[in-house]
file start_26.cif (mmCIF, C-alpha atoms)
data_input
loop_
_atom_site.group_PDB
_atom_site.id
_atom_site.type_symbol
_atom_site.label_atom_id
_atom_site.label_comp_id
_atom_site.auth_asym_id
_atom_site.auth_seq_id
_atom_site.Cartn_x
_atom_site.Cartn_y
_atom_site.Cartn_z
ATOM 1 C CA MET A 1 76.637 191.950 164.136
ATOM 2 C CA ALA A 2 78.509 190.178 161.326
ATOM 3 C CA ASN A 3 77.591 186.613 160.519
ATOM 4 C CA LYS A 4 80.196 183.968 161.143
ATOM 5 C CA TYR A 5 79.325 181.726 158.199
ATOM 6 C CA VAL A 6 76.715 183.451 156.055
ATOM 7 C CA THR A 7 78.973 186.172 154.715
ATOM 8 C CA ASP A 8 78.178 188.348 151.715
ATOM 9 C CA GLU A 9 80.326 186.002 149.664
ATOM 10 C CA ALA A 10 78.408 182.948 150.903
ATOM 11 C CA ARG A 11 75.127 184.691 150.016
ATOM 12 C CA ARG A 12 76.295 185.065 146.414
ATOM 13 C CA GLN A 13 75.380 181.390 146.070
ATOM 14 C CA ILE A 14 71.702 182.299 146.250
ATOM 15 C CA GLY A 15 70.240 181.371 142.877
ATOM 16 C CA LYS A 16 72.584 178.394 142.439
ATOM 17 C CA VAL A 17 70.811 175.450 140.807
ATOM 18 C CA SER A 18 71.409 171.730 140.939
ATOM 19 C CA GLU A 19 71.671 169.411 137.967
ATOM 20 C CA PRO A 20 68.199 168.229 136.898
ATOM 21 C CA ARG A 21 67.337 164.606 137.550
ATOM 22 C CA THR A 22 64.525 162.466 136.089
ATOM 23 C CA TYR A 23 62.447 160.065 138.168
ATOM 24 C CA GLU A 24 59.993 157.483 136.836
ATOM 25 C CA VAL A 25 56.873 157.181 138.968
ATOM 26 C CA GLU A 26 55.871 153.579 139.502
ATOM 27 C CA ARG A 27 52.513 152.325 140.718
ATOM 28 C CA GLY A 28 54.192 149.934 143.174
ATOM 29 C CA ALA A 29 56.283 152.745 144.617
ATOM 30 C CA ILE A 30 53.144 154.827 145.204
ATOM 31 C CA ARG A 31 51.443 151.889 146.910
ATOM 32 C CA ARG A 32 54.499 151.090 149.031
ATOM 33 C CA PHE A 33 54.680 154.733 150.145
ATOM 34 C CA ALA A 34 50.976 154.757 151.047
ATOM 35 C CA GLU A 35 51.404 151.540 153.035
ATOM 36 C CA ALA A 36 54.399 152.971 154.864
ATOM 37 C CA ILE A 37 52.474 156.047 155.984
ATOM 38 C CA GLU A 38 49.358 153.903 156.601
ATOM 39 C CA ASP A 39 47.071 155.861 154.311
ATOM 40 C CA PRO A 40 44.395 153.535 152.888
ATOM 41 C CA ASN A 41 43.066 156.116 150.405
ATOM 42 C CA PRO A 42 42.172 154.097 147.258
ATOM 43 C CA LEU A 43 43.742 156.832 145.095
ATOM 44 C CA PHE A 44 47.125 155.835 146.497
ATOM 45 C CA ASN A 45 46.559 152.072 146.736
ATOM 46 C CA SER A 46 44.223 150.554 144.186
ATOM 47 C CA GLU A 47 44.337 151.157 140.436
ATOM 48 C CA SER A 48 40.899 149.566 139.900
ATOM 49 C CA ASP A 49 39.295 151.832 142.553
ATOM 50 C CA ALA A 50 41.281 154.886 141.451
ATOM 51 C CA ARG A 51 40.054 154.485 137.843
ATOM 52 C CA LYS A 52 36.477 155.007 139.080
ATOM 53 C CA THR A 53 37.392 158.446 140.446
ATOM 54 C CA ARG A 54 37.733 161.776 138.655
ATOM 55 C CA PHE A 55 41.490 161.194 138.497
ATOM 56 C CA GLY A 56 41.099 158.131 136.302
ATOM 57 C CA GLY A 57 43.909 156.237 138.020
ATOM 58 C CA MET A 58 46.306 156.176 140.939
ATOM 59 C CA ILE A 59 48.014 159.426 141.902
ATOM 60 C CA ALA A 60 50.882 160.168 144.253
ATOM 61 C CA PRO A 61 50.185 161.240 147.853
ATOM 62 C CA PRO A 62 51.268 164.794 148.807
ATOM 63 C CA THR A 63 54.720 163.985 150.166
ATOM 64 C CA PHE A 64 55.554 161.213 147.689
ATOM 65 C CA CYS A 65 58.007 163.561 145.975
ATOM 66 C CA ARG A 66 60.332 162.925 148.929
ATOM 67 C CA SER A 67 61.109 159.557 147.433
ATOM 68 C CA MET A 68 62.425 161.093 144.212
ATOM 69 C CA GLY A 69 65.804 161.931 145.719
ATOM 70 C CA ALA A 70 65.825 165.609 144.776
ATOM 71 C CA PRO A 71 69.353 166.820 144.007
ATOM 72 C CA ILE A 72 70.439 169.797 146.120
ATOM 73 C CA PRO A 73 72.732 172.548 144.834
ATOM 74 C CA ASN A 74 76.199 172.327 146.359
ATOM 75 C CA ILE A 75 76.142 174.957 149.107
ATOM 76 C CA LYS A 76 79.620 175.955 150.246
ATOM 77 C CA LEU A 77 79.915 177.230 153.791
ATOM 78 C CA ASP A 78 83.055 177.672 155.843
ATOM 79 C CA MET A 79 81.758 175.403 158.607
ATOM 80 C CA PRO A 80 84.453 172.884 159.588
ATOM 81 C CA THR A 81 81.848 170.394 160.746
ATOM 82 C CA PHE A 82 78.099 170.616 161.041
ATOM 83 C CA ARG A 83 75.004 168.667 161.888
ATOM 84 C CA GLY A 84 72.165 168.971 159.421
ATOM 85 C CA LEU A 85 68.479 169.044 160.334
ATOM 86 C CA ASP A 86 65.360 169.217 158.259
ATOM 87 C CA GLY A 87 63.509 172.330 159.433
ATOM 88 C CA GLY A 88 60.360 171.736 157.427
ATOM 89 C CA SER A 89 58.818 172.085 153.994
ATOM 90 C CA ASP A 90 56.210 174.151 152.200
ATOM 91 C CA TRP A 91 54.527 172.405 149.289
ATOM 92 C CA GLU A 92 52.365 173.712 146.462
ATOM 93 C CA TYR A 93 50.384 171.303 144.309
ATOM 94 C CA PHE A 94 49.268 172.153 140.778
ATOM 95 C CA VAL A 95 48.907 168.954 138.724
ATOM 96 C CA PRO A 96 48.474 165.365 139.970
ATOM 97 C CA ILE A 97 51.477 163.098 139.637
ATOM 98 C CA ARG A 98 50.496 159.762 138.105
ATOM 99 C CA ALA A 99 52.016 156.315 137.839
ATOM 100 C CA GLY A 100 54.005 156.252 134.607
ATOM 101 C CA ASP A 101 54.920 159.938 134.752
ATOM 102 C CA ARG A 102 58.542 160.940 134.224
ATOM 103 C CA ILE A 103 59.207 163.758 136.635
ATOM 104 C CA THR A 104 62.159 166.110 136.176
ATOM 105 C CA VAL A 105 63.408 167.370 139.510
ATOM 106 C CA GLN A 106 65.566 170.439 139.907
ATOM 107 C CA SER A 107 66.497 172.529 142.947
ATOM 108 C CA LYS A 108 67.633 176.085 143.511
ATOM 109 C CA LEU A 109 69.042 177.784 146.615
ATOM 110 C CA VAL A 110 66.679 180.673 147.333
ATOM 111 C CA ASP A 111 67.811 181.870 150.750
ATOM 112 C CA LEU A 112 70.728 181.598 153.148
ATOM 113 C CA ARG A 113 70.503 183.115 156.641
ATOM 114 C CA GLU A 114 72.233 182.865 159.966
ATOM 115 C CA ALA A 115 70.833 183.171 163.478
ATOM 116 C CA ALA A 116 72.296 182.748 166.936
ATOM 117 C CA GLY A 117 71.338 179.488 168.611
ATOM 118 C CA ARG A 118 71.963 177.933 172.019
ATOM 119 C CA LEU A 119 74.649 175.713 170.504
ATOM 120 C CA GLY A 120 76.236 178.472 168.435
ATOM 121 C CA PRO A 121 75.480 180.008 165.045
ATOM 122 C CA MET A 122 72.744 178.259 163.059
ATOM 123 C CA VAL A 123 72.648 178.480 159.283
ATOM 124 C CA PHE A 124 69.278 178.249 157.522
ATOM 125 C CA THR A 125 69.159 177.184 153.882
ATOM 126 C CA VAL A 126 65.981 177.416 151.823
ATOM 127 C CA VAL A 127 65.970 175.264 148.713
ATOM 128 C CA GLU A 128 63.176 175.427 146.141
ATOM 129 C CA THR A 129 62.606 172.170 144.249
ATOM 130 C CA THR A 130 60.446 172.021 141.143
ATOM 131 C CA TYR A 131 58.854 168.775 139.960
ATOM 132 C CA THR A 132 57.867 168.929 136.272
ATOM 133 C CA ASN A 133 56.168 166.130 134.333
ATOM 134 C CA GLN A 134 56.917 164.862 130.828
ATOM 135 C CA PHE A 135 54.421 167.331 129.366
ATOM 136 C CA GLY A 136 56.309 170.278 130.790
ATOM 137 C CA GLU A 137 53.666 170.903 133.477
ATOM 138 C CA VAL A 138 54.914 171.970 136.881
ATOM 139 C CA CYS A 139 53.232 169.478 139.209
ATOM 140 C CA VAL A 140 54.723 170.411 142.563
ATOM 141 C CA ILE A 141 56.955 173.113 144.033
ATOM 142 C CA GLN A 142 58.608 172.424 147.356
ATOM 143 C CA ARG A 143 60.478 174.906 149.532
ATOM 144 C CA SER A 144 62.470 173.138 152.203
ATOM 145 C CA THR A 145 64.341 174.667 155.090
ATOM 146 C CA GLY A 146 67.580 173.066 156.219
ATOM 147 C CA ILE A 147 69.330 173.907 159.450
ATOM 148 C CA ARG A 148 73.082 173.486 159.904
ATOM 149 C CA TYR A 149 74.649 173.969 163.301
ATOM 150 C CA MET B 1 36.238 156.691 152.733
ATOM 151 C CA ALA B 2 34.494 159.592 154.440
ATOM 152 C CA LYS B 3 31.671 161.565 152.846
ATOM 153 C CA GLN B 4 32.781 164.421 150.600
ATOM 154 C CA ILE B 5 32.953 167.807 152.335
ATOM 155 C CA TYR B 6 31.735 170.882 150.457
ATOM 156 C CA PHE B 7 32.763 174.521 150.813
ATOM 157 C CA GLU B 8 29.352 175.294 152.335
ATOM 158 C CA ASP B 9 29.843 172.660 155.054
ATOM 159 C CA VAL B 10 32.809 174.380 156.718
ATOM 160 C CA GLU B 11 33.292 177.638 158.534
ATOM 161 C CA VAL B 12 36.127 179.303 160.446
ATOM 162 C CA GLY B 13 36.784 177.113 163.453
ATOM 163 C CA THR B 14 35.553 173.857 161.866
ATOM 164 C CA GLU B 15 37.674 170.995 163.107
ATOM 165 C CA VAL B 16 39.791 168.966 160.699
ATOM 166 C CA GLY B 17 40.431 165.370 161.717
ATOM 167 C CA PRO B 18 41.533 164.142 164.222
ATOM 168 C CA LEU B 19 43.664 161.451 162.631
ATOM 169 C CA GLU B 20 45.479 159.187 165.062
ATOM 170 C CA LYS B 21 48.798 157.542 164.252
ATOM 171 C CA ASN B 22 50.707 154.984 166.294
ATOM 172 C CA PRO B 23 54.150 154.856 164.703
ATOM 173 C CA THR B 24 56.283 151.811 165.447
ATOM 174 C CA THR B 25 59.936 151.183 164.643
ATOM 175 C CA GLN B 26 58.683 148.837 161.923
ATOM 176 C CA GLN B 27 56.780 151.736 160.363
ATOM 177 C CA LEU B 28 59.971 153.816 160.397
ATOM 178 C CA VAL B 29 61.770 151.025 158.554
ATOM 179 C CA ARG B 30 58.948 150.803 155.992
ATOM 180 C CA TYR B 31 59.029 154.560 155.556
ATOM 181 C CA ALA B 32 62.821 154.556 155.154
ATOM 182 C CA GLY B 33 62.459 151.964 152.410
ATOM 183 C CA ALA B 34 59.587 153.741 150.680
ATOM 184 C CA SER B 35 61.158 157.196 150.801
ATOM 185 C CA GLY B 36 64.817 156.365 150.416
ATOM 186 C CA ASP B 37 65.760 158.233 153.593
ATOM 187 C CA PHE B 38 68.113 155.813 155.311
ATOM 188 C CA TYR B 39 69.487 158.158 157.943
ATOM 189 C CA GLN B 40 70.242 155.810 160.859
ATOM 190 C CA ILE B 41 68.694 158.007 163.561
ATOM 191 C CA HIS B 42 65.334 156.649 162.360
ATOM 192 C CA TYR B 43 65.955 152.911 162.899
ATOM 193 C CA ASP B 44 69.377 152.277 164.529
ATOM 194 C CA LYS B 45 69.006 152.856 168.265
ATOM 195 C CA ASP B 46 72.752 152.781 169.066
ATOM 196 C CA PHE B 47 73.415 155.323 166.336
ATOM 197 C CA ALA B 48 70.599 157.571 167.577
ATOM 198 C CA LEU B 49 71.853 157.419 171.171
ATOM 199 C CA GLY B 50 75.398 158.096 169.942
ATOM 200 C CA ASN B 51 74.049 161.246 168.266
ATOM 201 C CA GLY B 52 72.703 162.510 171.570
ATOM 202 C CA LEU B 53 69.109 161.599 170.814
ATOM 203 C CA PRO B 54 66.801 159.920 173.350
ATOM 204 C CA GLY B 55 66.378 157.015 170.941
ATOM 205 C CA VAL B 56 65.187 156.388 167.421
ATOM 206 C CA ILE B 57 63.056 159.334 166.201
ATOM 207 C CA LEU B 58 60.451 159.819 163.485
ATOM 208 C CA HIS B 59 61.553 161.246 160.134
ATOM 209 C CA GLY B 60 60.297 164.819 159.898
ATOM 210 C CA ALA B 61 59.079 163.812 156.455
ATOM 211 C CA LEU B 62 56.920 161.065 157.970
ATOM 212 C CA LYS B 63 55.229 163.624 160.206
ATOM 213 C CA ASN B 64 54.759 165.754 157.085
ATOM 214 C CA ALA B 65 53.137 162.714 155.446
ATOM 215 C CA PHE B 66 50.766 162.263 158.410
ATOM 216 C CA LEU B 67 49.595 165.844 158.004
ATOM 217 C CA GLY B 68 49.271 165.254 154.258
ATOM 218 C CA HIS B 69 47.036 162.271 155.030
ATOM 219 C CA LEU B 70 44.902 164.459 157.326
ATOM 220 C CA MET B 71 44.425 166.987 154.533
ATOM 221 C CA THR B 72 43.793 164.631 151.596
ATOM 222 C CA ASP B 73 41.092 162.962 153.706
ATOM 223 C CA PHE B 74 39.617 166.408 154.394
ATOM 224 C CA ALA B 75 39.740 167.415 150.720
ATOM 225 C CA GLY B 76 38.070 164.193 149.604
ATOM 226 C CA GLU B 77 38.036 162.898 146.033
ATOM 227 C CA HIS B 78 36.432 166.090 144.696
ATOM 228 C CA GLY B 79 38.676 168.500 146.589
ATOM 229 C CA TRP B 80 42.347 169.279 145.969
ATOM 230 C CA LEU B 81 45.134 169.918 148.452
ATOM 231 C CA ARG B 82 46.702 173.076 147.055
ATOM 232 C CA LYS B 83 49.273 173.905 149.740
ATOM 233 C CA LEU B 84 50.812 172.120 152.707
ATOM 234 C CA GLY B 85 53.436 173.631 154.989
ATOM 235 C CA VAL B 86 55.001 172.131 158.109
ATOM 236 C CA GLN B 87 57.770 172.976 160.549
ATOM 237 C CA TYR B 88 59.571 170.422 162.684
ATOM 238 C CA ARG B 89 59.716 171.897 166.137
ATOM 239 C CA GLY B 90 59.932 168.839 168.378
ATOM 240 C CA MET B 91 61.096 165.267 168.148
ATOM 241 C CA ASP B 92 58.684 162.356 168.170
ATOM 242 C CA GLN B 93 59.613 158.802 169.000
ATOM 243 C CA PRO B 94 57.933 155.583 167.857
ATOM 244 C CA GLY B 95 55.860 153.735 170.423
ATOM 245 C CA ALA B 96 53.843 156.843 171.267
ATOM 246 C CA LYS B 97 50.577 158.014 169.759
ATOM 247 C CA VAL B 98 50.584 161.203 167.683
ATOM 248 C CA VAL B 99 47.411 162.897 166.542
ATOM 249 C CA ALA B 100 47.074 165.027 163.422
ATOM 250 C CA ARG B 101 44.554 167.813 163.897
ATOM 251 C CA GLY B 102 43.475 171.012 162.241
ATOM 252 C CA LYS B 103 41.102 173.918 162.312
ATOM 253 C CA VAL B 104 39.709 176.012 159.454
ATOM 254 C CA SER B 105 41.163 179.523 159.695
ATOM 255 C CA LYS B 106 39.767 181.179 156.564
ATOM 256 C CA LYS B 107 37.416 180.489 153.656
ATOM 257 C CA TYR B 108 37.359 182.557 150.450
ATOM 258 C CA THR B 109 37.111 182.380 146.688
ATOM 259 C CA GLU B 110 40.113 182.999 144.458
ATOM 260 C CA GLY B 111 40.364 182.601 140.700
ATOM 261 C CA GLY B 112 36.976 180.888 140.600
ATOM 262 C CA HIS B 113 38.018 178.313 143.225
ATOM 263 C CA HIS B 114 36.564 177.832 146.680
ATOM 264 C CA MET B 115 39.518 177.890 149.052
ATOM 265 C CA VAL B 116 39.829 176.875 152.668
ATOM 266 C CA ASP B 117 42.918 177.673 154.763
ATOM 267 C CA CYS B 118 43.619 175.540 157.811
ATOM 268 C CA GLU B 119 45.936 175.645 160.746
ATOM 269 C CA ILE B 120 47.218 172.106 161.267
ATOM 270 C CA TRP B 121 49.464 170.313 163.714
ATOM 271 C CA LEU B 122 50.671 167.010 165.101
ATOM 272 C CA GLU B 123 50.101 166.623 168.788
ATOM 273 C CA ASN B 124 52.060 164.212 170.959
ATOM 274 C CA ALA B 125 50.784 162.250 173.977
ATOM 275 C CA ASN B 126 51.426 165.296 176.212
ATOM 276 C CA GLY B 127 49.307 167.534 174.001
ATOM 277 C CA GLU B 128 52.394 169.406 172.709
ATOM 278 C CA LYS B 129 52.364 170.542 169.091
ATOM 279 C CA THR B 130 55.586 169.114 167.742
ATOM 280 C CA THR B 131 54.804 169.805 164.099
ATOM 281 C CA PRO B 132 52.820 172.996 163.457
ATOM 282 C CA GLY B 133 51.732 173.900 159.957
ATOM 283 C CA THR B 134 49.201 175.310 157.533
ATOM 284 C CA ALA B 135 47.300 173.918 154.590
ATOM 285 C CA THR B 136 45.074 175.212 151.811
ATOM 286 C CA VAL B 137 42.431 173.047 150.197
ATOM 287 C CA ILE B 138 40.177 173.693 147.204
ATOM 288 C CA LEU B 139 36.748 172.297 148.041
ATOM 289 C CA PRO B 140 33.848 171.615 145.708
ATOM 290 C CA SER B 141 30.831 173.874 146.081
ATOM 291 C CA ARG B 142 27.215 172.763 146.036
ATOM 292 C CA ALA B 143 26.325 176.018 144.298
ATOM 293 C CA ALA B 144 28.499 175.097 141.331
ATOM 294 C CA SER B 145 27.048 171.611 140.782
#
call {"tool": "encode", "arguments": {"input": "start_26.cif", "output": "structure tokens"}}
result
Amino acid sequence: MANKYVTDEARRQIGKVSEPRTYEVERGAIRRFAEAIEDPNPLFNSESDARKTRFGGMIAPPTFCRSMGAPIPNIKLDMPTFRGLDGGSDWEYFVPIRAGDRITVQSKLVDLREAAGRLGPMVFTVVETTYTNQFGEVCVIQRSTGIRY
Amino acid sequence: MAKQIYFEDVEVGTEVGPLEKNPTTQQLVRYAGASGDFYQIHYDKDFALGNGLPGVILHGALKNAFLGHLMTDFAGEHGWLRKLGVQYRGMDQPGAKVVARGKVSKKYTEGGHHMVDCEIWLENANGEKTTPGTATVILPSRAAS
């Protein structure tokens, strides 16, 4: 059964990357994020407490990277209109992100699939976003699934 | 903060959490501000209803953050959350309790690290798992210290 939107030509976009973007991590932004999610962990809230830990200072909570406004590659699909939904994310954590870090964010389209849904064809996009610090260390890799229908 | 958990303290089936959250519309506004996600379905009721939703709904990313909180508490200062994966299967609205829970599914060593895999989820007031997921934590080992 041929796909309506995810044609072979559409799939040639797999591998497409976005422009990189740089984000400066601020202590106040970390704290504001922790307050918003109601996580009182001192690592995310108090520099004086965080300095007493093995991390030596405040670090970003696991989903803080959401606030960095990751650029997405421009995915062209022949859908006249669509609603977009966040299907979920898979995160991998390698190096702590600290206040003062300059994180370079770049995304790549890694998969494009179509499935039949109750409301018609659903297109699944998987975008891999890499968050690299100023020392060239990959801190976080995120794979997020988007659903367009 | 809770006592540090060690690799030797857990086994397959060990419970993670529970961590209870009571999201309010004010929390959704705070989260929108902190994350930069200003999609109106999360704080503008008329807009949400106009989009066919039952009302304002939680950002999927906020539910992801709740599960992150569950796992960083579990890892403790001396552990490290290595992987976190979530899927948004159901909507959650503010004004209702959601509970983040988990269960250890596997423990093993890899590359000199003591790893623990968990099945995790957010449960709504009806006991439905709206946000299923998995997580992997590196835990400290008493044998190593």
call {"tool": "closest_residue", "arguments": {"input": "start_26.cif", "among": "B:Arg30, B:His114, B:Lys129, B:Arg142", "to": "B:Asp92", "atoms": "only C-alpha atoms"}}
result
B:Lys129
call {"tool": "residues_around", "arguments": {"input": "start_26.cif", "residues": "A:Glu47", "least_positions_apart": "3", "cutoff": "10 Å", "atoms": "only C-alpha atoms", "output": "PDB file with C-alpha atoms, in the coordinates of the input"}}
result
ATOM      1  CA  ARG A  27      52.513 152.325 140.718  1.00  0.00           C
ATOM      2  CA  ARG A  31      51.443 151.889 146.910  1.00  0.00           C
ATOM      3  CA  PRO A  42      42.172 154.097 147.258  1.00  0.00           C
ATOM      4  CA  LEU A  43      43.742 156.832 145.095  1.00  0.00           C
ATOM      5  CA  PHE A  44      47.125 155.835 146.497  1.00  0.00           C
ATOM      6  CA  ALA A  50      41.281 154.886 141.451  1.00  0.00           C
ATOM      7  CA  ARG A  51      40.054 154.485 137.843  1.00  0.00           C
ATOM      8  CA  LYS A  52      36.477 155.007 139.080  1.00  0.00           C
ATOM      9  CA  GLY A  56      41.099 158.131 136.302  1.00  0.00           C
ATOM     10  CA  GLY A  57      43.909 156.237 138.020  1.00  0.00           C
ATOM     11  CA  MET A  58      46.306 156.176 140.939  1.00  0.00           C
ATOM     12  CA  ILE A  59      48.014 159.426 141.902  1.00  0.00           C
ATOM     13  CA  ALA A  99      52.016 156.315 137.839  1.00  0.00           C
TER      14      ALA A  99
END
call {"tool": "atom_distance", "arguments": {"input": "start_26.cif", "atom1": "atom CA of A:Gln134", "atom2": "atom CA of A:Cys65"}}
result
15.2 Å
call {"tool": "residues_near_point", "arguments": {"input": "start_26.cif", "point": "(32.3, 179.6, 142.9)", "cutoff": "9 Å", "atoms": "only C-alpha atoms", "output": "ChimeraX atom specification"}}
result
/B:109-114,140-141,143-144
call {"tool": "closest_residue", "arguments": {"input": "start_26.cif", "among": "A:Ile103, A:Ile72, A:Leu77, A:Leu85", "to": "A:Arg12", "atoms": "only C-alpha atoms"}}
result
A:Leu77
call {"tool": "closest_residue", "arguments": {"input": "start_26.cif", "among": "B:Asn51, B:Asn124, B:Thr72, B:Gln87", "to": "chain A", "atoms": "only C-alpha atoms"}}
result
B:Gln87
call {"tool": "interface_residues", "arguments": {"input": "start_26.cif", "of": "chain B", "to": "chain A", "cutoff": "9 Å", "atoms": "only C-alpha atoms", "output": "JSON, numbers by chain"}}
result
{"B": [1, 21, 23, 27, 28, 29, 30, 31, 32, 33, 34, 35, 36, 37, 60, 61, 62, 64, 65, 66, 68, 69, 72, 73, 77, 78, 80, 81, 82, 83, 84, 85, 86, 87, 88, 89, 131, 133, 134]}
call {"tool": "write_last_selection", "arguments": {"input": "start_26.cif", "atoms": "C-alpha atoms", "output": "CSV table (one decimal), keeping the file's coordinate frame"}}
result
chain,number,residue,atom,x,y,z
B,1,MET,CA,36.2,156.7,152.7
B,21,LYS,CA,48.8,157.5,164.3
B,23,PRO,CA,54.2,154.9,164.7
B,27,GLN,CA,56.8,151.7,160.4
B,28,LEU,CA,60.0,153.8,160.4
B,29,VAL,CA,61.8,151.0,158.6
B,30,ARG,CA,58.9,150.8,156.0
B,31,TYR,CA,59.0,154.6,155.6
B,32,ALA,CA,62.8,154.6,155.2
B,33,GLY,CA,62.5,152.0,152.4
B,34,ALA,CA,59.6,153.7,150.7
B,35,SER,CA,61.2,157.2,150.8
B,36,GLY,CA,64.8,156.4,150.4
B,37,ASP,CA,65.8,158.2,153.6
B,60,GLY,CA,60.3,164.8,159.9
B,61,ALA,CA,59.1,163.8,156.5
B,62,LEU,CA,56.9,161.1,158.0
B,64,ASN,CA,54.8,165.8,157.1
B,65,ALA,CA,53.1,162.7,155.4
B,66,PHE,CA,50.8,162.3,158.4
B,68,GLY,CA,49.3,165.3,154.3
B,69,HIS,CA,47.0,162.3,155.0
B,72,THR,CA,43.8,164.6,151.6
B,73,ASP,CA,41.1,163.0,153.7
B,77,GLU,CA,38.0,162.9,146.0
B,78,HIS,CA,36.4,166.1,144.7
B,80,TRP,CA,42.3,169.3,146.0
B,81,LEU,CA,45.1,169.9,148.5
B,82,ARG,CA,46.7,173.1,147.1
B,83,LYS,CA,49.3,173.9,149.7
B,84,LEU,CA,50.8,172.1,152.7
B,85,GLY,CA,53.4,173.6,155.0
B,86,VAL,CA,55.0,172.1,158.1
B,87,GLN,CA,57.8,173.0,160.5
B,88,TYR,CA,59.6,170.4,162.7
B,89,ARG,CA,59.7,171.9,166.1
B,131,THR,CA,54.8,169.8,164.1
B,133,GLY,CA,51.7,173.9,160.0
B,134,THR,CA,49.2,175.3,157.5
call {"tool": "residues_around", "arguments": {"input": "start_26.cif", "residues": "A:Pro71", "least_positions_apart": "3", "cutoff": "10 Å", "atoms": "all atoms listed in the file", "output": "PDB file with C-alpha atoms, in the coordinates of the input"}}
result
ATOM      1  CA  VAL A  17      70.811 175.450 140.807  1.00  0.00           C
ATOM      2  CA  SER A  18      71.409 171.730 140.939  1.00  0.00           C
ATOM      3  CA  GLU A  19      71.671 169.411 137.967  1.00  0.00           C
ATOM      4  CA  PRO A  20      68.199 168.229 136.898  1.00  0.00           C
ATOM      5  CA  ARG A  21      67.337 164.606 137.550  1.00  0.00           C
ATOM      6  CA  MET A  68      62.425 161.093 144.212  1.00  0.00           C
ATOM      7  CA  ASN A  74      76.199 172.327 146.359  1.00  0.00           C
ATOM      8  CA  VAL A 105      63.408 167.370 139.510  1.00  0.00           C
ATOM      9  CA  GLN A 106      65.566 170.439 139.907  1.00  0.00           C
ATOM     10  CA  SER A 107      66.497 172.529 142.947  1.00  0.00           C
ATOM     11  CA  LYS A 108      67.633 176.085 143.511  1.00  0.00           C
ATOM     12  CA  THR A 129      62.606 172.170 144.249  1.00  0.00           C
TER      13      THR A 129
END
call {"tool": "closest_residue", "arguments": {"input": "start_26.cif", "among": "B:Trp121, B:Tyr108, B:Phe38, B:Phe47", "to": "B:Val16", "atoms": "all atoms listed in the file"}}
result
B:Trp121
call {"tool": "closest_residue", "arguments": {"input": "start_26.cif", "among": "B:Val99, B:Leu139, B:Ile57, B:Val104", "to": "B:Asp117", "atoms": "only C-alpha atoms"}}
result
B:Val104
call {"tool": "residues_around", "arguments": {"input": "start_26.cif", "residues": "A:Gly120", "least_positions_apart": "2", "cutoff": "12 Å", "atoms": "all atoms listed in the file", "output": "list in words"}}
result
Asn3, Lys4, Tyr5, Met79, Phe82, Arg83, Glu114, Ala115, Ala116, Gly117, Arg118, Met122, Val123, Arg148 and Tyr149 of chain A
call {"tool": "resolve_selection", "arguments": {"input": "start_26.cif", "expression": "the PyMOL selection byres ((chain B and resi 120) around 8)", "output": "list in words"}}
result
Leu67, Ala100, Arg101, Gly102, Lys103, Cys118, Glu119, Trp121, Leu122, Pro132, Gly133, Thr134 and Ala135 of chain B
call {"tool": "atom_distance", "arguments": {"input": "start_26.cif", "atom1": "atom CA of B:Asp44", "atom2": "atom CA of A:Ala70"}}
result
24.1 Å
call {"tool": "atom_distance", "arguments": {"input": "start_26.cif", "atom1": "atom CA of A:Ile97", "atom2": "atom CA of A:Ser46"}}
result
15.2 Å
call {"tool": "resolve_selection", "arguments": {"input": "start_26.cif", "expression": "the PyMOL selection byres ((chain A and resi 110) around 7)", "output": "JSON, numbers by chain"}}
result
{"A": [14, 15, 108, 109, 111, 126, 127, 128]}
call {"tool": "write_last_selection", "arguments": {"input": "start_26.cif", "atoms": "C-alpha atoms", "output": "PDB file, keeping the file's coordinate frame"}}
result
ATOM      1  CA  ILE A  14      71.702 182.299 146.250  1.00  0.00           C
ATOM      2  CA  GLY A  15      70.240 181.371 142.877  1.00  0.00           C
ATOM      3  CA  LYS A 108      67.633 176.085 143.511  1.00  0.00           C
ATOM      4  CA  LEU A 109      69.042 177.784 146.615  1.00  0.00           C
ATOM      5  CA  ASP A 111      67.811 181.870 150.750  1.00  0.00           C
ATOM      6  CA  VAL A 126      65.981 177.416 151.823  1.00  0.00           C
ATOM      7  CA  VAL A 127      65.970 175.264 148.713  1.00  0.00           C
ATOM      8  CA  GLU A 128      63.176 175.427 146.141  1.00  0.00           C
TER       9      GLU A 128
END
call {"tool": "resolve_selection", "arguments": {"input": "start_26.cif", "expression": "the PyMOL selection byres ((chain B and resi 116) around 6)", "output": "MDAnalysis selection string"}}
result
chainID B and resid 106:107 115 117 136:137
call {"tool": "axis_aligned_box", "arguments": {"input": "start_26.cif", "around": "stretch 54-67 of chain B", "padding_each_side": "6 Å", "output": "JSON"}}
result
{"center_x": 58.2, "center_y": 161.1, "center_z": 164.4, "size_x": 29.2, "size_y": 21.5, "size_z": 29.9}
